[in-house]
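J.: Below is the file work.txt, with compact mmCIF, C-alpha atoms and all ligand atoms.
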```
# COMPACT_ATOMS: atom_id res chain seq x y z
CA MET T 24 0.00 0.00 0.00
CA ALA T 25 3.01 2.24 0.07
CA ASN T 26 2.18 3.91 -3.20
CA LYS T 27 -1.47 4.24 -2.54
CA LEU T 28 -3.14 6.93 -0.58
CA ARG T 29 -6.10 5.54 1.17
CA LEU T 30 -7.91 8.76 1.35
CA PHE T 31 -11.30 7.55 0.26
CA ALA T 32 -13.25 8.85 3.17
CA LEU T 33 -11.13 11.89 3.36
CA VAL T 34 -10.66 12.82 -0.21
CA PHE T 35 -13.98 12.69 -1.89
CA ALA T 36 -17.41 12.14 -0.54
CA ALA T 37 -20.58 11.89 -2.46
CA ALA T 38 -23.18 14.22 -1.25
CA ILE T 39 -26.63 12.93 -1.73
CA LEU T 40 -30.07 14.40 -1.79
CA LEU T 41 -32.21 15.86 -4.38
CA THR T 42 -31.31 18.13 -7.14
CA ALA T 43 -32.52 18.84 -10.60
CA CYS T 44 -33.77 15.39 -11.32
CA GLY T 45 -36.47 14.95 -13.80
CA LYS T 46 -39.51 13.06 -14.76
CA ARG T 47 -37.74 10.28 -16.50
CA ASP T 48 -37.42 7.56 -13.98
CA GLU T 49 -35.58 4.99 -16.04
CA THR T 50 -32.19 6.20 -14.97
CA ALA T 51 -29.78 4.14 -13.01
CA ALA T 52 -28.86 7.13 -11.00
CA SER T 53 -27.82 6.44 -7.53
CA ASN T 54 -26.57 8.09 -4.45
CA ASP T 55 -24.73 6.89 -1.42
CA SER T 56 -27.74 5.30 0.15
CA ILE T 57 -28.06 1.58 -0.13
CA GLU T 58 -31.69 1.76 -1.15
CA SER T 59 -30.73 3.84 -4.08
CA ALA T 60 -27.93 1.49 -5.04
CA GLU T 61 -30.33 -1.41 -5.04
CA GLU T 62 -32.78 0.53 -7.13
CA ALA T 63 -30.02 1.27 -9.53
CA LEU T 64 -29.14 -2.38 -9.75
CA LEU T 65 -32.68 -3.29 -10.65
CA LYS T 66 -32.67 -0.86 -13.48
CA LEU T 67 -29.43 -1.82 -15.16
CA PRO T 68 -28.48 -1.63 -17.89
CA THR T 69 -29.91 1.63 -19.04
CA GLU T 70 -28.38 2.99 -22.17
CA ASP T 71 -29.01 6.02 -24.27
CA ILE T 72 -31.24 7.87 -21.93
CA GLY T 73 -29.06 10.77 -21.09
CA SER T 74 -27.13 11.36 -17.98
CA ALA T 75 -27.44 9.07 -15.01
CA SER T 76 -27.69 6.14 -17.35
CA ALA T 77 -25.14 3.48 -18.07
CA LEU T 78 -21.71 4.90 -18.68
CA VAL T 79 -21.39 3.77 -22.27
CA GLY T 80 -21.21 5.35 -25.67
CA ASP T 81 -20.58 8.99 -26.37
CA CYS T 82 -20.41 10.99 -23.20
CA LEU T 83 -20.01 14.72 -22.91
CA TRP T 84 -18.07 15.84 -19.88
CA ILE T 85 -19.04 19.45 -19.37
CA ASN T 86 -16.59 21.42 -17.29
CA VAL T 87 -17.17 24.88 -15.95
CA PHE T 88 -14.43 26.89 -14.29
CA MET T 89 -16.33 28.70 -11.60
CA ASP T 90 -14.97 32.05 -10.68
CA ASN T 91 -14.78 33.10 -7.07
CA GLU T 92 -13.21 36.29 -5.82
CA GLN T 93 -11.05 34.46 -3.32
CA CYS T 94 -9.75 31.97 -5.82
CA PRO T 95 -9.82 33.14 -9.41
CA TRP T 96 -8.61 30.84 -12.13
CA ASP T 97 -5.30 31.21 -13.91
CA ALA T 98 -4.09 29.59 -17.09
CA GLU T 99 -1.72 27.23 -15.36
CA SER T 100 -4.35 25.85 -12.98
CA LYS T 101 -6.84 25.43 -15.77
CA ALA T 102 -4.31 23.53 -17.84
CA ALA T 103 -3.58 21.24 -14.90
CA VAL T 104 -7.28 20.52 -14.40
CA LYS T 105 -7.74 19.78 -18.09
CA GLU T 106 -4.90 17.33 -18.03
CA MET T 107 -6.22 15.50 -14.97
CA VAL T 108 -9.77 15.37 -16.27
CA THR T 109 -8.53 13.98 -19.57
CA ASP T 110 -6.42 11.42 -17.75
CA ALA T 111 -9.48 10.42 -15.76
CA GLY T 112 -11.56 10.06 -18.90
CA ASN T 113 -8.91 8.01 -20.64
CA TYR T 114 -8.67 5.79 -17.63
CA ILE T 115 -12.42 5.18 -17.53
CA THR T 116 -12.39 4.40 -21.24
CA LYS T 117 -9.57 1.92 -20.77
CA GLN T 118 -11.26 0.28 -17.79
CA GLY T 119 -14.48 0.03 -19.75
CA LYS T 120 -12.75 -1.97 -22.44
CA THR T 121 -11.89 -4.65 -19.91
CA TYR T 122 -15.65 -5.13 -19.49
CA GLY T 123 -16.41 -4.85 -23.18
CA ALA T 124 -17.93 -1.40 -22.66
CA GLU T 125 -17.17 1.36 -25.12
CA VAL T 126 -16.97 4.77 -23.51
CA ARG T 127 -15.95 7.82 -25.49
CA PHE T 128 -15.57 11.14 -23.74
CA GLU T 129 -15.77 14.49 -25.30
CA TYR T 130 -14.87 17.48 -23.15
CA LYS T 131 -16.39 20.88 -23.08
CA TRP T 132 -14.77 23.72 -21.18
CA SER T 133 -16.44 26.92 -20.15
CA ASP T 134 -15.82 29.82 -17.82
CA SER T 135 -18.53 30.93 -15.50
CA GLU T 136 -20.10 34.28 -16.02
CA GLY T 137 -19.56 36.17 -12.83
CA SER T 138 -18.45 35.04 -9.44
CA TYR T 139 -20.08 32.27 -7.46
CA PRO T 140 -20.03 31.16 -3.85
CA ILE T 141 -17.99 28.09 -3.00
CA PRO T 142 -20.29 25.18 -2.18
CA HIS T 143 -19.69 22.79 0.68
CA TYR T 144 -20.27 19.08 0.38
CA ALA T 145 -22.45 19.03 3.48
CA ASN T 146 -25.07 21.33 2.05
CA GLY T 147 -24.22 21.52 -1.61
CA ALA T 148 -26.98 19.33 -2.99
CA THR T 149 -28.95 22.22 -4.36
CA PHE T 150 -25.94 24.22 -5.50
CA ALA T 151 -26.68 23.91 -9.20
CA VAL T 152 -30.36 24.69 -8.80
CA ASP T 153 -29.74 27.61 -6.46
CA THR T 154 -26.99 29.04 -8.62
CA PHE T 155 -29.08 29.26 -11.76
CA LYS T 156 -32.51 29.75 -10.26
CA ASN T 157 -32.66 33.45 -10.92
CA SER T 158 -30.27 33.56 -13.82
CA GLY T 159 -31.06 34.57 -17.34
CA TYR T 160 -31.05 30.90 -18.23
CA GLY T 161 -34.27 30.36 -16.35
CA GLY T 162 -32.83 27.67 -14.13
CA TYR T 163 -30.28 24.91 -14.16
CA ASP T 164 -32.02 23.10 -17.01
CA GLY T 165 -31.74 26.16 -19.16
CA TYR T 166 -28.09 26.59 -18.29
CA VAL T 167 -27.24 23.04 -19.22
CA ASN T 168 -29.25 23.26 -22.41
CA ALA T 169 -27.35 26.39 -23.34
CA LEU T 170 -24.06 24.55 -22.81
CA LEU T 171 -25.27 21.63 -24.89
CA GLU T 172 -25.95 24.02 -27.75
CA GLY T 173 -28.58 21.75 -29.20
CA THR T 174 -26.25 18.81 -29.56
CA GLU T 175 -27.61 15.43 -28.59
CA TYR T 176 -25.50 13.18 -26.46
CA GLY T 177 -26.18 9.74 -25.10
CA ASN T 178 -24.78 10.86 -21.81
CA TYR T 179 -23.60 14.07 -20.35
CA PHE T 180 -22.84 15.45 -16.96
CA LEU T 181 -21.54 18.66 -15.55
CA MET T 182 -18.58 19.29 -13.32
CA PHE T 183 -18.14 22.64 -11.64
CA HIS T 184 -14.50 23.40 -10.88
CA PHE T 185 -13.29 25.71 -8.15
CA ASN T 186 -9.69 26.79 -7.84
CA CYS T 187 -9.40 26.24 -4.13
CA HIS T 188 -9.05 23.60 -1.50
CA GLY T 189 -12.15 21.67 -0.58
CA ARG T 190 -13.80 18.33 -0.41
CA SER T 191 -15.19 17.49 -3.81
CA PHE T 192 -18.57 15.87 -4.12
CA SER T 193 -21.14 14.56 -6.52
CA VAL T 194 -24.85 15.04 -6.43
CA PRO T 195 -26.24 12.18 -8.43
CA CYS T 196 -29.73 12.41 -9.66
CA ASP T 197 -32.11 10.48 -7.48
CA THR T 198 -35.38 10.16 -9.26
CA ALA T 199 -37.11 9.01 -6.12
CA VAL T 200 -36.77 12.45 -4.65
CA GLY T 201 -36.19 14.45 -7.77
CA GLU T 202 -37.91 17.65 -8.52
CA ASP T 203 -40.09 18.12 -11.50
CA SER T 204 -37.63 19.22 -14.09
CA ASP T 205 -36.67 18.56 -17.63
CA TYR T 206 -33.08 18.24 -16.64
CA TYR T 207 -32.52 15.02 -14.88
CA SER T 208 -28.78 15.00 -14.85
CA GLU T 209 -26.53 15.57 -11.92
CA PHE T 210 -23.49 17.57 -11.17
CA CYS T 211 -20.15 17.30 -9.48
CA VAL T 212 -18.16 19.95 -7.73
CA ALA T 213 -14.42 19.46 -8.00
CA PHE T 214 -11.89 21.44 -6.07
CA TYR T 215 -8.48 21.96 -7.51
CA SER T 216 -5.71 22.07 -4.97
CA GLY T 217 -2.39 20.42 -4.38
CA LYS T 218 -1.26 18.05 -1.67
CA GLU T 219 0.30 20.87 0.27
CA ASP T 220 -3.16 22.25 0.99
CA GLY T 221 -4.36 19.30 2.98
CA ASP T 222 -6.05 15.95 2.80
CA TYR T 223 -8.23 16.61 -0.18
CA PHE T 224 -6.22 17.23 -3.26
CA ALA T 225 -6.88 16.96 -6.94
CA CYS T 226 -5.72 13.89 -8.83
CA PRO T 227 -7.13 12.06 -11.86
CA ALA T 228 -8.58 9.26 -9.74
CA ALA T 229 -10.52 11.76 -7.70
CA TYR T 230 -12.16 13.18 -10.82
CA ALA T 231 -12.92 9.68 -12.09
CA HIS T 232 -14.39 8.76 -8.71
CA GLU T 233 -16.84 11.64 -8.85
CA VAL T 234 -17.85 10.83 -12.39
CA LEU T 235 -18.63 7.24 -11.51
CA HIS T 236 -20.91 8.47 -8.72
CA CYS T 237 -22.97 10.27 -11.31
CA PHE T 238 -23.50 7.03 -13.15
CA GLY T 239 -24.53 4.99 -10.15
CA ALA T 240 -21.37 3.89 -8.37
CA VAL T 241 -21.35 4.09 -4.60
CA ASP T 242 -18.62 4.55 -2.03
CA ILE T 243 -17.33 1.21 -0.86
CA ASN T 244 -14.59 2.44 1.37
CA GLU T 245 -13.37 0.88 4.54
CA GLU T 246 -15.19 3.24 6.86
CA ARG T 247 -18.53 2.48 5.31
CA LEU T 248 -18.29 -1.29 5.46
CA ASP T 249 -18.17 -3.66 8.37
CA SER T 250 -15.28 -6.08 8.73
CA GLU T 251 -17.02 -8.88 6.86
CA LEU T 252 -17.83 -6.68 3.91
CA ASN T 253 -14.39 -5.18 3.94
CA ALA T 254 -12.98 -8.65 3.63
CA LEU T 255 -15.22 -9.22 0.62
CA ALA T 256 -14.17 -5.94 -0.91
CA GLU T 257 -10.52 -6.68 -0.32
CA GLU T 258 -10.94 -10.04 -1.94
CA HIS T 259 -12.81 -8.88 -5.03
CA PHE T 260 -11.78 -5.30 -5.74
CA PRO T 261 -9.10 -4.02 -3.38
CA ASP T 262 -7.99 -1.32 -5.79
CA ASP T 263 -11.41 -0.03 -6.79
CA ILE T 264 -11.35 3.74 -7.10
CA MET T 265 -14.70 3.89 -5.29
CA ARG T 266 -12.91 2.26 -2.37
CA ALA T 267 -9.68 4.17 -2.39
CA VAL T 268 -8.47 7.07 -4.46
CA PRO T 269 -4.88 6.40 -5.51
CA GLU T 270 -2.66 9.34 -6.26
CA ASN T 271 -1.57 7.53 -9.40
CA ILE T 272 -4.73 6.47 -11.18
CA GLU T 273 -2.98 3.55 -12.81
CA ASN T 274 -2.79 1.96 -9.38
CA GLY T 275 -6.57 1.83 -9.21
CA SER T 276 -9.22 -0.16 -10.98
CA ILE T 277 -12.96 -0.26 -11.49
CA GLY T 278 -14.02 -3.49 -9.86
CA VAL T 279 -16.93 -5.70 -10.68
CA LEU T 280 -19.35 -4.12 -8.21
CA SER T 281 -18.75 -0.59 -9.45
CA ALA T 282 -18.78 -1.86 -13.01
CA SER T 283 -22.22 -3.33 -12.40
CA LEU T 284 -23.54 -0.13 -10.91
CA ILE T 285 -22.43 1.96 -13.85
CA GLY T 286 -23.89 -0.44 -16.36
CA TRP T 287 -20.83 -2.32 -17.54
CA GLU T 288 -22.00 -5.59 -16.11
CA ASN T 289 -25.51 -6.90 -16.07
CA SER T 290 -25.43 -8.20 -12.58
CA VAL T 291 -23.54 -8.06 -9.38
CA PRO T 292 -22.02 -11.42 -8.51
CA GLU T 293 -24.17 -13.11 -5.90
CA GLY T 294 -21.63 -12.93 -3.10
CA LEU T 295 -21.10 -9.24 -3.58
CA LYS T 296 -24.73 -8.20 -3.27
CA GLU T 297 -24.20 -8.25 0.46
CA LEU T 298 -22.08 -5.19 -0.03
CA LEU T 299 -25.10 -3.23 -1.06
CA LYS T 300 -27.35 -4.26 1.79
CA ASN T 301 -25.67 -2.58 4.67
ZN ZN K 401 -17.38 9.03 -3.18
```
So, in terms of structure tokens, how does the structure I just supplied come out?
Ligand SMILES: [Zn+2]

T.:
Amino acid sequence: MANKLRLFALVFAAAILLTACGKRDETAASNDSIESAEEALLKLPTEDIGSASALVGDCLWINVFMDNEQCPWDAESKAAVKEMVTDAGNYITKQGKTYGAEVRFEYKWSDSEGSYPIPHYANGATFAVDTFKNSGYGGYDGYVNALLEGTEYGNYFLMFHFNCHGRSFSVPCDTAVGEDSDYYSEFCVAFYSGKEDGDYFACPAAYAHEVLHCFGAVDINEERLDSELNALAEEHFPDDIMRAVPENIENGSIGVLSASLIGWENSVPEGLKELLKN
């Protein structure tokens, strides 16, 4: 484990709760709750239905550099984020191939208009909705539609980037509690900071981890599992990036449980279902 930072619980947490989920309930969207994970399992695979579906096919990764007065963006930081996001996408594509899943990412990069408050994972579930509620876009749906520019994608999701230290999080769509909205996708908030700033720092695996949340993967880290389940996890997917976020993404993997939750496998192996029941 010398080369692996077991920062899972520390590095990135998935915030849950409702956000701009929509009417379409066929998504495999999930959140950290076990109920949701089980629901997601029942609905797999779900292709071609937009975000929160199976992570296959053409996928648009929409990135927005969010300006904040305390931590404005600079060219160097943006370039570093772009490189890590691309590394994360390439890694997911490569992992997908091992399951026979074709994933192709396209990246879109935008700068926010104006300055925005820095969200916190503990209460950030409505960040996207709140941010665009009174905007000229007429809400988060409108904002996302503007970014899509009329292009149709099998999957897309949005990642807000802040140039400061923080604990990144994902707010996966949960149709069970979703609001009535045409936009049923989710969002991630990713903080860009180096190791010197503290426990949560940006690395490709961290970006990949958040993306997988948006497609139904759940945290399976040591703190969340009892000893029996940890033994199972260690046996079947010790290097899963939903379990631990390695500083070098090549030291991680997307194990069979996560692969099932994001639609790369049709079922979770019998013995591993226990992992989703606690
Ligand atoms: Zn997580």

J.: Which residue, T:Ser193, T:Ser216, T:Asn274, T:Ser250, has the smallest gap to T:Asn146 when you use only C-alpha atoms?

T.: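 Ranking T:Ser193, T:Ser216, T:Asn274, T:Ser250 by distance to T:Asn146, first place goes to T:Ser193.
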
J.: Give me, as a PyMOL selection string, all polymer residues having an atom no more than 6 Å from T:Ala240, counting all atoms listed in the file and skipping those fewer than 4 positions away in the same chain.

T.: chain T and resi 235-236+281+284-285

J.: Name the closest residue to T:Gly119 among the candidates T:Gly221, T:Asn178, T:Gly80, T:Asn271; distances are taken between atoms, counting only C-alpha atoms.

T.: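 Closest residue, counting only C-alpha atoms: T:Gly80.
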
J.: Write out as a list of chain:residue names each polymer residue whose atoms come within 7 Å of stretch 82-85 of chain T, counting all atoms listed in the file; drop sequence neighbours fewer than 2 positions from it.

T.: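 These residues fall inside the cut-off: T:Gly80, T:Val87, T:Arg127, T:Phe128, T:Glu129, T:Tyr130, T:Lys131, T:Trp132, T:Tyr176, T:Gly177, T:Asn178, T:Tyr179, T:Phe180, T:Leu181, T:Met182.
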
J.: If I wrap all listed atoms of stretch 143-154 of chain T in a box with edges along x, y and z and add 3 Å on each side, what are its centre and edge lengths in Å to one decimal, as lines of an AutoDock Vina configuration file?

T.:
```
center_x = -25.0
center_y = 24.0
center_z = -2.9
size_x = 16.7
size_y = 16.0
size_z = 18.7
```

J.: To one decimal place in Å, what is the distance between atom CA of T:Gly294 and atom CA of T:Ser276?

T.: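 Distance reported for this atom pair: 19.5 Å.
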
J.: Restricting the calculation to all atoms listed in the file, which member of T:Leu298, T:Pro95, T:His232, T:Ala102 is positioned closest to T:Ala256?

T.: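 Closest residue, counting all atoms listed in the file: T:Leu298.
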
J.: What gap, in Å, lies between atom CA of T:Ala145 and atom CA of T:His188?

T.: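 That distance, rounded to one decimal, is 15.0 Å.
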
J.: Which one is closest to ligand ZN 401 (chain K): T:Asp242, T:Glu136, T:Glu209, T:Asp262? Count only C-alpha atoms and all ligand atoms.

T.: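 Of T:Asp242, T:Glu136, T:Glu209, T:Asp262, the one nearest ligand ZN 401 (chain K) is T:Asp242, counting only C-alpha atoms and all ligand atoms.
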
J.: List every protein, DNA or RNA residue that has at least one atom no more than 7 Å from (-10.9, -7.4, -11.0) in the file's coordinates, counting only C-alpha atoms, and write the result as a PDB file with C-alpha atoms, in the frame of the given file.

T.:
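Written output follows (part_37.pdb):
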```
ATOM      1  CA  HIS T 259     -12.810  -8.880  -5.030  1.00  0.00           C
ATOM      2  CA  PHE T 260     -11.780  -5.300  -5.740  1.00  0.00           C
ATOM      3  CA  GLY T 278     -14.020  -3.490  -9.860  1.00  0.00           C
ATOM      4  CA  VAL T 279     -16.930  -5.700 -10.680  1.00  0.00           C
TER       5      VAL T 279
END
```

J.: What does the distance from atom CA of T:Asp97 to atom CA of T:Gly161 come to in Å, to one decimal?

T.: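 That distance, rounded to one decimal, is 29.1 Å.
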
J.: My list of candidates is T:Tyr122, T:Tyr230, T:Trp287, T:Tyr163. Which is closest to ligand ZN 401 (chain K) when distances are computed with all atoms listed in the file?

T.: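 The shortest atom-to-atom distance to ligand ZN 401 (chain K) comes from T:Tyr230.
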